[in-house]
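K.L.:
Would you mind keeping the following structure in view while I ask a few things?
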Amino acid sequence: MMLFSTIGFTAPWLLLGLLALPLLWILLRAVPPAPIRRCFPGVALLLGLRDETAQADKTPWWLLLLRALVMACLIIGLAGPIVNPVPMEQTQSKLLVILEGSWADAEDWDAQQRAALDLVQQLGNPERPVMFLQLTAPEEDLVFSAASEAARAIRAAEPNAWLPKRNWQGQFEPLGDFDTHWLASPLDWPGRDQLVRELLRHGSVEVSMSRSSSIGLLPMRATAEGIEISALRMTAGAAQVVAVYIVGSDPSGVERRLQRADIEFAAQELRATTEVQLPLEMRNRISRLVVSGHRSAAAVRLTDDRIQRPEIAILTGETSDREGLILFAPDHYLTQALSPVADLIEGTLDDVILANPDTIILADVAKIGSKEALADWVAEGGTLVRFAGPRLAAAQFEARERDPLLPVKLRAGGRTIGGAMSWGAPKTLQSFEIDTPFYGLPTPDEVTVTAQVLAEPGPDLAPHVIARLSDGTPLVTRRQLGQGQVVLFHVTANTQWSNLPISGLFVAMLERLSVIGSAANFEPSSLAGSTWQLVQQLAGTGKLMHVDYRAGIAGDQLAQAAISPQTPAGLYQGKDRRWARNILSEDSQFSPALWPDEVRLLGQDLARSYRLGAWFLALALSVLVADVVASLWISRRLRGGVLAVLAGALLTSISPESASAQTPQDQAIAASRAVVLAYVETQDARQDEISHAGLLGLSQALFQRTSIEPAEPMGLSLTHDELSFFPFLYWPVTLGQQALSPEQLRKLNRYLKGGGMILFDTRDSNIARVGQTTKEGRVLQQLASRLNLPPLAPIAPDHVLTRSFYLLQDFPGRFAGGEIWVEAPQNSGVAVEGMPFRNLNDGVTPVVIGGNDWAAAWAVDDAGEPLLPVGRGMAGERQREIALRFGVNLIMHVLTGNYKSDQVHVPELLKRLGE
Amino acid sequence: MNSNPPLNAAFELASDWPQLLSQAQQLAQSFSPGGHGRRRAGPGDVFWQFRPAQAGDALRSIDWRRSARADEQFVRENEWQAAQAVQFWIDNSAAMQFSSHGESKQHRAATIALALAILLNQAGERVGTSDGALPPQTGRAQISALAQAVARRTSHDFGTPITTDLIPNSLAVFASDFFGDLAALRQRVTRAAALRVQGVLLMVLDPQELNFPFQGRTLFESMAGSLRHESQNADDLRPAYFQALEERQAQLANLAQHLGWQFFIHHTDQPASGALRDLYHALEYRR
């Protein structure tokens with residue numbers, strides 16, 4: 001590919017200016033750089049002195065070159081160079097710009113839109129009328145207008161989820177002659193040829209094909225273990241793997257991606273299929289499939305009831321015997337197992353058959369009332385599952401022939417294994433054979449069978465057995481009946497004969513059996529008389545939009561209508577179910593568009609033209625700056641100041657970060673400029689983050705609520721940093737705490753002596769108990785033993801911390817209720833009658849020790865939202881608020897000392913305490 | 001009154017040097033204000049000696065208290081006290097306005113001169129200007145008048161000392177960059193010396209004039225624009241300039257030595273106190 005395929009100029013005559021460049025060269029050469037004028041009293045002494053050497057008074061050649069370059073760039077830039085310009089001879093007649101705007105365009109709609117805009121802006125000028133036509137848009141009058149009008153229409157255009165469908169016969173007649181530029185999608189659609197022929201009658205037609213390659217999702221199929229997803233692609237090229245997300249609601253109803261499936265297109269294949277294993281319970285929640293990375297309505301597949309909950313009817317032989325224990329009820333475990341994943345239908349057999357469930361389960365039913373109706377139902381595709389039991393076993397005594405509603409002929413009586421009166425042990429299950437529906441399910445050893453009904457041995461027994469006991473006797477048998485099937489479990493559905501019904505295997509087996517027959521189809525015949533209303537419409541880009549107030553559509557019409565503006569793709573709500581109408585159907589094909597010979601094809605993508613003028617002008621400007629520097633340098637006027645300014649400008653523009661590098665001095669200045677809360681950095685980076693976030697949250701609370709306006713908190717290293725700038729240190733005690741060096745001890749003691757306060761937080765009050773010492777507590781003891789601390793005491797209820805800003809009674813952090821230690825009162829104080837507080841005018845406590853993990857409660861993220869959870873619900877929020885109030889009180893105490901301890905405040909405090 | 005910047009600076013400068021000030025105060029205590037003791041009898045207020053009365057002495061000049069203690073008559077003589085006049089000429093031409101780092105040469109010269117005048121005034125000397133505009137007087141008012149006089153500016157490029165009203169036998173302080181016409185200067189100073197005026201030449205230079213830190217093609221202009229010199233490469237000019245400057249300084253020193261004057265060089269980037277001390281000692285030596 002050539003780098004500059006074509007370059008054109010909007011004002012080519014300006015290039016004549018380049019001829020003047022040699023003149024400029026000569027002129028510049030003739031004029032030496034101007035001398036610096038300097039006032040200098042000593043000039044009197046200079047009179048008569050001669051220069052030793054004559055400095056070259058001509059401009060150096062490279063400076064000349066630089067200036068010539070500036071001029072050249074300027075001239076070329078103003079001449080307006082354009083790469084890939086649109087040929088001039090086309091710009092004569094009226095222009096029609098066509099975008100199809102179907103879902104096939106949605107894939108690279110932005111590019112198509114931009115290409116259309118470029119076309120209109122380059123080809124359209126005030127004298128040249130332009131019309132923009134989106135073929136899928138609602139019908140409008142065809143009018144040529146100004147280019148700006150067309151550009152606005154292009155910007156407003158959106159792809160639609162249907163194909164162009166409009167009869168263009170004779171529509172363009174009133175417009176006279178015009179040229180057409182068609183930004184085509186690669187997909188063919190019915191009616192395209194006719195439109196092309198129509199357009200060719202009015203003028204030339206140019207077509208630029210979009211290169212997008214659509215992926216379309218075909219109808220999915222439910223399989224025994226999950227769903228089968230099929231996809232179609234536009235171009236059969238190399239092998240390709242496409243990720244499909246299965247989207248559905250999670251148990252709490254929030255829509256999220258349930259699973260991801262990869263569809264692999266083999267090389268030169270247009271279709272691909274993959275099977276995804278999904279539990280039935282999850283499959284019932286699927287709302288749609290989405291091809292990852294593809295933005296088109298075809299890449300979205302909405303699902304409806306067809307793969308969702310089956311309807312199952314459970315009938316038992318005993319109808320009125322409610323005196324038995326509920327756990328012995330024949331259907332108890334069936335109901336428990338199936339109700340979460342299926343809709344259970346109750347009623348008599350006749351009613352149930354009318355309801356046409358997917359599956360009917362008969363638990364130990366020997367006498368079936370309407371055998372014919374049930375047999376017909378099974379033959380039409382129903383699944384009948386039967387469980388054995390004492391009644392069924394007893395009923396076989398009279399049977400001569402095989403019951404048609406049983407898969408095999410049973411022997412009378414059944415057998416008992418491993419009971420009190422038999423020799424053998426209870427039988428376990430044989431692993432499932434490969435062609436049975438249970439294949440792959442584990443057969444746990446604890447599942448045992450103590451009694452069963454036995455099949456009459458015969459030549460045709462084996463093909464019907466789908467599960468066996470370890471001795472080979474059939475446990476589950478199955479027989480096809482018409483389109484449906486009859487399945488018999490040779491044990492009871494309760495635990496009388498086997499513990500199978502209380503095993504997980506039972507649920508899995510039921511799931512496998514129940515889904516086999518689920519089919520609810522949308523045939524036109526079955527839809528007659530129903531009305532469907534569009535509730536969610538699929539946009540061209542594959543987005544789902546909620547739709548209100550669309551008129552209902554008759555079901556049989558809807559079943560036959562193609563996807564169109566009147567019957568768009570989307571989710572339709574019927575009386576009791578939903579119907580998803582998707583872009584592609586089972587037999588859809590992506591057929592590529594073929595164009596007649598008269599059409600000029602502009603290749604795969606529209607050659608985009610670029611205007612380079614601005615780049616040339618920018619280059620001229622930067623060379624000019626270089627020239628300024630060079631000229632200064634030539635005339636020795638390039639002083640340190642100029643260089644510093646230039647370098648400074650460069651540095652600030654290149655790396656703003658480097659300017660803010662923190663030196664200890666900067667840190668000291670920053671720390672002493674405002675109140676800064678500080679924390680001691682630990683070995684634990686996560687804890688440091690929390691400490692920082694916590695102090696940030698506390699700083700923000702202080703800023704909002706009090707007149708203290710702290711700056712950003714700082715982390716301190718005890719080894720390197722000066723502590724004396726900080727009134728308050730938060731010290732989370734971690735297990736990785738190193739022993740303090742003598743230097744650090746000296747520093748800390750000096751800090752405490754100088755009026756600093758340290759809040760030690762062992763963050764363990766959730767596990768600390770009276771009389772126990774936690775690991776953090778021991779670390780703290782070792783730390784504190786070497787510090788010069790005054791005697792400590794648990795905080796008194798009248799300590800000034802309880803009222804230095806807020807009136808508080810306890811001091812929770814993330815944990816509540818831990819004990820807090822402060823300096824013990826030096827004199828016990830005198831409690832004055834009627835005064836709630838003792839008169840304690842001692843100093844500010846140098847340490848506060850607790851384990852409530854305050855920083856975690858204070859911590860906020862960048863957005864100012866709490867970082868970590870505290871407690872539960874509103875109580876937790878309240879606890880966080882009290883924790884913040886404790887922080888405010890603490891900082892107030894640090895900064896104002898025992899101000900609030902002064903008895904002056906007592907009357908006001910008494911008032912507020914309501915006394 | 002204190003709105004004159006050199007005067008303020010001068011007061012500050014004078015107050016910066018306690019030992020100079022204390023010397024001046026000693027002088028003021030030992031001699032009556034207005035004059036120095038001449039270490040011989042003459043008109044004055046301070047007792048000098050008793051001497052035996054001679055013929056021709058007026059009767060009233062006999063000191064009776066002393067004479068009563070002896071048989072002879074004694075005459076009481078006081079020390080002859082006369083105030084010295086110091087006359088200043090501070091170059092106020094355009095060249096003296098030049099400054100490369102903030103303080104102009106004239107400002108510095110005026111500061112030094114005024115500090116000297118303040119100290120002299122405290123010692124009772126009379127100070128004034130050499131051009132006759134301000135005859136030598138004592139007192140605070142004279143200092144402010146002098147400050148105003150030395151702060152004036154002219155638009156001439158270079159200045160020459162005006163010696164028209166020099167008082168014979170007085171002291172003179174001429175401060176300038178002495179970049180002007182050397183012949184005229186020599187003539188004026190020689191005439192002053194002829195009037196038995198002793199004095200000091202103080203050359204005040206800007207650091208740029210000393211270091212000549214110029215490069216490249218440069219057009220040098222005098223402050224008022226009367227002189228200009230273009231150099232293609234100022235670097236090359238530097239040695240020649242240094243040589244010219246040294247020559248000028250040598251000529252000035254030679255002139256001063258020849259006439260018994262003193263010659264000092266002061267740079268405006270040096271502290272003014274150095275020049276003040278030089279001048280103080282130079283004038284004190286003559287007293």
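Ordered as shown in the structure tokens, chains take letters A, B, and onward, while each chain numbers its residues from 1 and ligands are numbered from 1 in the order shown.
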Which residues of stretch 105-214 of chain B have any atom within 7 Å of an atom in stretch 218-228 of chain B when counting only C-alpha atoms, and what is the closest pair of atoms for each, with the distance in Å to one decimal? Order the rows by chain and rising number and write it as CSV.
P.N.:
```
residue,atom,partner,partner_atom,distance
B:Ser155,CA,B:Ala224,CA,6.7
B:His156,CA,B:Ala224,CA,6.8
B:Asp157,CA,B:Ala224,CA,5.3
```
K.L.:
Would you save the residues of that selection, restricted to C-alpha atoms, as a PDB file, in the first residue's frame?
P.N.:
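New file selection-v8.pdb:
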```
ATOM      1  CA  SER B 155      21.761  64.804  31.418  1.00  0.00           C
ATOM      2  CA  HIS B 156      25.430  65.137  30.481  1.00  0.00           C
ATOM      3  CA  ASP B 157      27.058  61.890  29.626  1.00  0.00           C
TER       4      ASP B 157
END
```
K.L.:
Please report as a PyMOL selection string which residues of chain B come no farther than 10 Å from chain A, using only C-alpha atoms.
P.N.:
chain B and resi 94-100+157-158+177-181+205-206+208-210+212+214-225+227-238+240-245+247-248
K.L.:
Just the selected residues (N, CA and C atoms), exported as a short mmCIF file (atom, residue, chain, number, x, y, z; two decimals), in the first residue's frame, please.
P.N.:
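Saved the output as out.cif:
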```cif
data_model
loop_
_atom_site.label_atom_id
_atom_site.label_comp_id
_atom_site.auth_asym_id
_atom_site.auth_seq_id
_atom_site.Cartn_x
_atom_site.Cartn_y
_atom_site.Cartn_z
N ALA B 94 24.81 61.44 33.57
CA ALA B 94 24.01 60.27 33.18
C ALA B 94 24.78 58.97 33.43
N ALA B 95 26.07 59.00 33.22
CA ALA B 95 26.86 57.78 33.40
C ALA B 95 26.75 57.27 34.83
N MET B 96 26.58 58.21 35.78
CA MET B 96 26.51 57.78 37.18
C MET B 96 25.17 57.13 37.51
N GLN B 97 24.20 57.28 36.60
CA GLN B 97 22.91 56.64 36.86
C GLN B 97 22.96 55.16 36.51
N PHE B 98 24.01 54.73 35.89
CA PHE B 98 24.07 53.33 35.42
C PHE B 98 24.13 52.37 36.60
N SER B 99 23.38 51.33 36.44
CA SER B 99 23.49 50.27 37.46
C SER B 99 23.17 48.95 36.79
N SER B 100 23.92 47.96 37.10
CA SER B 100 23.65 46.64 36.53
C SER B 100 22.97 45.74 37.54
N ASP B 157 26.59 63.26 29.59
CA ASP B 157 27.06 61.89 29.63
C ASP B 157 28.06 61.69 30.75
N PHE B 158 29.04 62.56 30.83
CA PHE B 158 30.10 62.41 31.83
C PHE B 158 30.30 63.73 32.52
N ASP B 177 32.86 58.36 38.33
CA ASP B 177 33.49 57.21 37.70
C ASP B 177 34.71 57.65 36.90
N PHE B 178 34.86 58.96 36.76
CA PHE B 178 36.02 59.54 36.06
C PHE B 178 36.22 58.94 34.68
N PHE B 179 35.07 58.67 33.99
CA PHE B 179 35.17 58.21 32.62
C PHE B 179 35.20 59.39 31.64
N GLY B 180 35.03 60.61 32.16
CA GLY B 180 34.97 61.79 31.30
C GLY B 180 36.38 62.21 30.82
N ASP B 181 36.41 63.42 30.39
CA ASP B 181 37.66 63.93 29.82
C ASP B 181 38.71 64.02 30.90
N LEU B 205 32.71 52.47 40.62
CA LEU B 205 32.51 51.66 39.42
C LEU B 205 31.43 50.61 39.66
N ASP B 206 30.69 50.37 38.58
CA ASP B 206 29.71 49.28 38.58
C ASP B 206 30.44 47.97 38.30
N GLN B 208 29.70 45.67 36.30
CA GLN B 208 29.77 45.41 34.86
C GLN B 208 30.92 46.16 34.23
N GLU B 209 31.18 47.36 34.74
CA GLU B 209 32.29 48.13 34.20
C GLU B 209 33.62 47.51 34.58
N LEU B 210 33.54 46.73 35.64
CA LEU B 210 34.77 46.10 36.11
C LEU B 210 35.03 44.79 35.37
N PHE B 212 33.21 43.58 32.52
CA PHE B 212 32.94 43.58 31.09
C PHE B 212 32.36 42.23 30.63
N PHE B 214 30.38 40.99 28.48
CA PHE B 214 29.61 41.04 27.24
C PHE B 214 30.17 40.05 26.24
N GLN B 215 29.21 39.58 25.37
CA GLN B 215 29.58 38.59 24.38
C GLN B 215 28.93 38.97 23.06
N GLY B 216 29.48 38.45 22.01
CA GLY B 216 28.83 38.56 20.72
C GLY B 216 28.82 39.97 20.17
N ARG B 217 27.98 40.08 19.15
CA ARG B 217 27.91 41.37 18.46
C ARG B 217 27.14 42.33 19.34
N THR B 218 27.78 43.43 19.71
CA THR B 218 27.18 44.34 20.68
C THR B 218 27.41 45.78 20.25
N LEU B 219 26.36 46.57 20.42
CA LEU B 219 26.48 48.00 20.16
C LEU B 219 26.44 48.69 21.50
N PHE B 220 27.61 49.24 21.91
CA PHE B 220 27.69 49.91 23.21
C PHE B 220 27.30 51.36 23.04
N GLU B 221 26.49 51.85 23.95
CA GLU B 221 26.09 53.25 23.90
C GLU B 221 26.31 53.86 25.26
N SER B 222 26.70 55.12 25.27
CA SER B 222 26.78 55.80 26.56
C SER B 222 25.36 56.08 27.03
N MET B 223 25.25 56.49 28.31
CA MET B 223 23.92 56.58 28.90
C MET B 223 23.07 57.62 28.19
N ALA B 224 23.65 58.73 27.83
CA ALA B 224 22.87 59.77 27.15
C ALA B 224 22.89 59.60 25.65
N GLY B 225 23.70 58.66 25.19
CA GLY B 225 23.69 58.34 23.77
C GLY B 225 24.67 59.14 22.94
N LEU B 227 27.94 58.82 22.90
CA LEU B 227 29.04 57.97 22.43
C LEU B 227 28.49 56.61 22.10
N ARG B 228 28.99 55.99 21.04
CA ARG B 228 28.62 54.60 20.78
C ARG B 228 29.80 53.89 20.12
N HIS B 229 29.81 52.61 20.35
CA HIS B 229 30.89 51.82 19.79
C HIS B 229 30.33 50.43 19.49
N GLU B 230 30.52 49.97 18.26
CA GLU B 230 29.99 48.66 17.90
C GLU B 230 31.12 47.64 17.85
N SER B 231 30.89 46.53 18.48
CA SER B 231 31.89 45.46 18.47
C SER B 231 31.27 44.23 17.83
N GLN B 232 31.98 43.56 16.97
CA GLN B 232 31.47 42.34 16.37
C GLN B 232 31.55 41.18 17.34
N ASN B 233 32.51 41.27 18.19
CA ASN B 233 32.65 40.20 19.17
C ASN B 233 33.19 40.80 20.46
N ALA B 234 32.28 41.02 21.39
CA ALA B 234 32.66 41.73 22.60
C ALA B 234 33.65 40.93 23.43
N ASP B 235 33.63 39.61 23.25
CA ASP B 235 34.60 38.78 23.97
C ASP B 235 36.03 39.24 23.70
N ASP B 236 36.27 39.51 22.42
CA ASP B 236 37.63 39.87 22.03
C ASP B 236 38.06 41.21 22.60
N LEU B 237 37.04 42.02 22.91
CA LEU B 237 37.34 43.37 23.37
C LEU B 237 37.76 43.41 24.83
N ARG B 238 37.49 42.32 25.54
CA ARG B 238 37.62 42.37 26.99
C ARG B 238 39.05 42.71 27.45
N ALA B 240 41.37 44.32 25.99
CA ALA B 240 41.69 45.70 25.65
C ALA B 240 40.99 46.65 26.61
N TYR B 241 39.74 46.32 26.96
CA TYR B 241 39.00 47.17 27.88
C TYR B 241 39.67 47.17 29.25
N PHE B 242 40.05 45.99 29.70
CA PHE B 242 40.73 45.92 31.00
C PHE B 242 41.97 46.79 31.01
N GLN B 243 42.67 46.72 29.93
CA GLN B 243 43.90 47.50 29.84
C GLN B 243 43.58 48.99 29.91
N ALA B 244 42.54 49.41 29.17
CA ALA B 244 42.17 50.82 29.17
C ALA B 244 41.76 51.27 30.55
N LEU B 245 41.03 50.40 31.23
CA LEU B 245 40.56 50.76 32.57
C LEU B 245 41.73 50.90 33.53
N GLU B 247 44.71 51.59 32.82
CA GLU B 247 45.47 52.78 32.45
C GLU B 247 44.82 54.02 33.05
N ARG B 248 43.48 54.08 32.93
CA ARG B 248 42.75 55.23 33.47
C ARG B 248 42.97 55.32 34.99
#
```
K.L.:
Could you give me, as a ChimeraX atom specification, the residues within 10 Å of A:Ile417, counting only C-alpha atoms and dropping anything in the same chain fewer than 6 positions from it?
P.N.:
/A:423-427,449-452,497
K.L.:
Run DSSP on the backbone and give me the residues of stretch 452-576 of chain A it puts in helix (DSSP H, G or I), as an MDAnalysis selection string.
P.N.:
chainID A and resid 462:464 500:502 504:516 524:527 555:560
K.L.:
Identify which of the residues A:Asn889, A:Ser214, A:Asn749, A:Asn499 lies closest to A:Val291, counting only C-alpha atoms when measuring atom-to-atom distances.
P.N.:
A:Ser214
K.L.:
Nearest residue to B:Val150 out of B:Ile167, B:Leu185, B:Leu195, B:Ala113, using only C-alpha atoms?
P.N.:
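Answer, going by the shortest atom-to-atom distance: B:Ala113.
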K.L.:
Counting only C-alpha atoms, which of A:Thr774, A:Gln483, A:Thr448, A:Thr541 gets nearest to A:Trp109?
P.N.:
A:Thr541
K.L.:
Neighbouring residues of stretch 556-571 of chain A were defined as those with any atom within 7 Å, considering only C-alpha atoms; residues of the same chain fewer than 6 positions away were excluded. Please report them as JSON, numbers by chain.
P.N.:
{"A": [161, 162, 524, 527, 528, 534, 535, 536, 537, 538, 578, 579, 580, 581, 582, 583]}
K.L.:
Write the selection just made, keeping C-alpha atoms, as a PDB file, in the first residue's frame?
P.N.:
```pdb
ATOM      1  CA  ALA A 161     -33.198  -4.160  13.693  1.00  0.00           C
ATOM      2  CA  TRP A 162     -34.737  -4.986  10.371  1.00  0.00           C
ATOM      3  CA  PRO A 524     -49.571 -20.596  13.370  1.00  0.00           C
ATOM      4  CA  LEU A 527     -51.767 -19.272  17.738  1.00  0.00           C
ATOM      5  CA  ALA A 528     -55.054 -18.487  16.119  1.00  0.00           C
ATOM      6  CA  LEU A 534     -44.536  -6.027  22.068  1.00  0.00           C
ATOM      7  CA  VAL A 535     -42.968  -5.328  25.454  1.00  0.00           C
ATOM      8  CA  GLN A 536     -39.278  -5.244  24.647  1.00  0.00           C
ATOM      9  CA  GLN A 537     -37.920  -4.226  21.287  1.00  0.00           C
ATOM     10  CA  LEU A 538     -34.512  -5.097  19.944  1.00  0.00           C
ATOM     11  CA  ARG A 578     -43.769 -14.759  26.173  1.00  0.00           C
ATOM     12  CA  TRP A 579     -42.674 -15.082  22.620  1.00  0.00           C
ATOM     13  CA  ALA A 580     -39.278 -13.989  21.491  1.00  0.00           C
ATOM     14  CA  ARG A 581     -38.973 -13.016  17.864  1.00  0.00           C
ATOM     15  CA  ASN A 582     -35.381 -12.915  16.692  1.00  0.00           C
ATOM     16  CA  ILE A 583     -33.615 -11.757  13.579  1.00  0.00           C
TER      17      ILE A 583
END
```
K.L.:
Within 9 Å of B:Trp64, counting only C-alpha atoms, which residues qualify if same-chain residues fewer than 5 places away don't, as a PyMOL selection string?
P.N.:
chain B and resi 69+73-75
K.L.:
Could those selected residues go to a file with C-alpha atoms, as a compact mmCIF listing (two decimals), in the first residue's frame?
P.N.:
```txt
# COMPACT_ATOMS: atom_id res chain seq x y z
CA ARG B 69 48.64 83.30 93.49
CA GLN B 73 50.79 88.63 86.15
CA PHE B 74 49.54 85.91 83.96
CA VAL B 75 47.55 86.00 80.85
```
K.L.:
Could you tell me how far atom CA of A:Val625 lies from atom CA of A:Leu28, in Å and to one decimal?
P.N.:
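Rounded to one decimal, the two atoms are 17.6 Å apart.
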K.L.:
One decimal, in Å: what's the spacing between atom CA of B:Thr154 and atom CA of B:Ser93?
P.N.:
5.1 Å
K.L.:
In Å to one decimal, how far is atom CA of A:Ile82 from atom CA of A:Ala116?
P.N.:
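Separation between atom CA of A:Ala116 and atom CA of A:Ile82: 17.6 Å.
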K.L.:
Got a sec: who's within 7 Å of A:Ala238, counting only C-alpha atoms, leaving out chain neighbours fewer than 2 positions off, as a list in words?
P.N.:
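Non-adjacent residues within range: Ala236, Gln240, Ala267 and Gln268 of chain A.
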K.L.:
Output N, CA and C atoms of each residue in that selection to a file, as a short mmCIF file (atom, residue, chain, number, x, y, z; two decimals), in the first residue's frame.
P.N.:
```cif
data_model
loop_
_atom_site.label_atom_id
_atom_site.label_comp_id
_atom_site.auth_asym_id
_atom_site.auth_seq_id
_atom_site.Cartn_x
_atom_site.Cartn_y
_atom_site.Cartn_z
N ALA A 236 -16.81 -16.91 5.31
CA ALA A 236 -16.17 -18.16 5.68
C ALA A 236 -14.67 -17.98 5.54
N GLN A 240 -12.33 -19.42 13.85
CA GLN A 240 -12.66 -18.25 14.66
C GLN A 240 -13.38 -18.75 15.91
N ALA A 267 -12.41 -23.56 10.05
CA ALA A 267 -12.03 -22.80 8.86
C ALA A 267 -12.99 -23.13 7.73
N GLN A 268 -13.36 -22.12 6.98
CA GLN A 268 -14.24 -22.25 5.82
C GLN A 268 -15.65 -22.71 6.19
#
```
K.L.:
Find the residues near B:Ala10: any atom within 6 Å, counting only C-alpha atoms, skip ones fewer than 6 places away on the same chain, and give them as a list in words.
P.N.:
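In the requested form, the answer reads Thr111, Leu114 and Ala115 of chain B.
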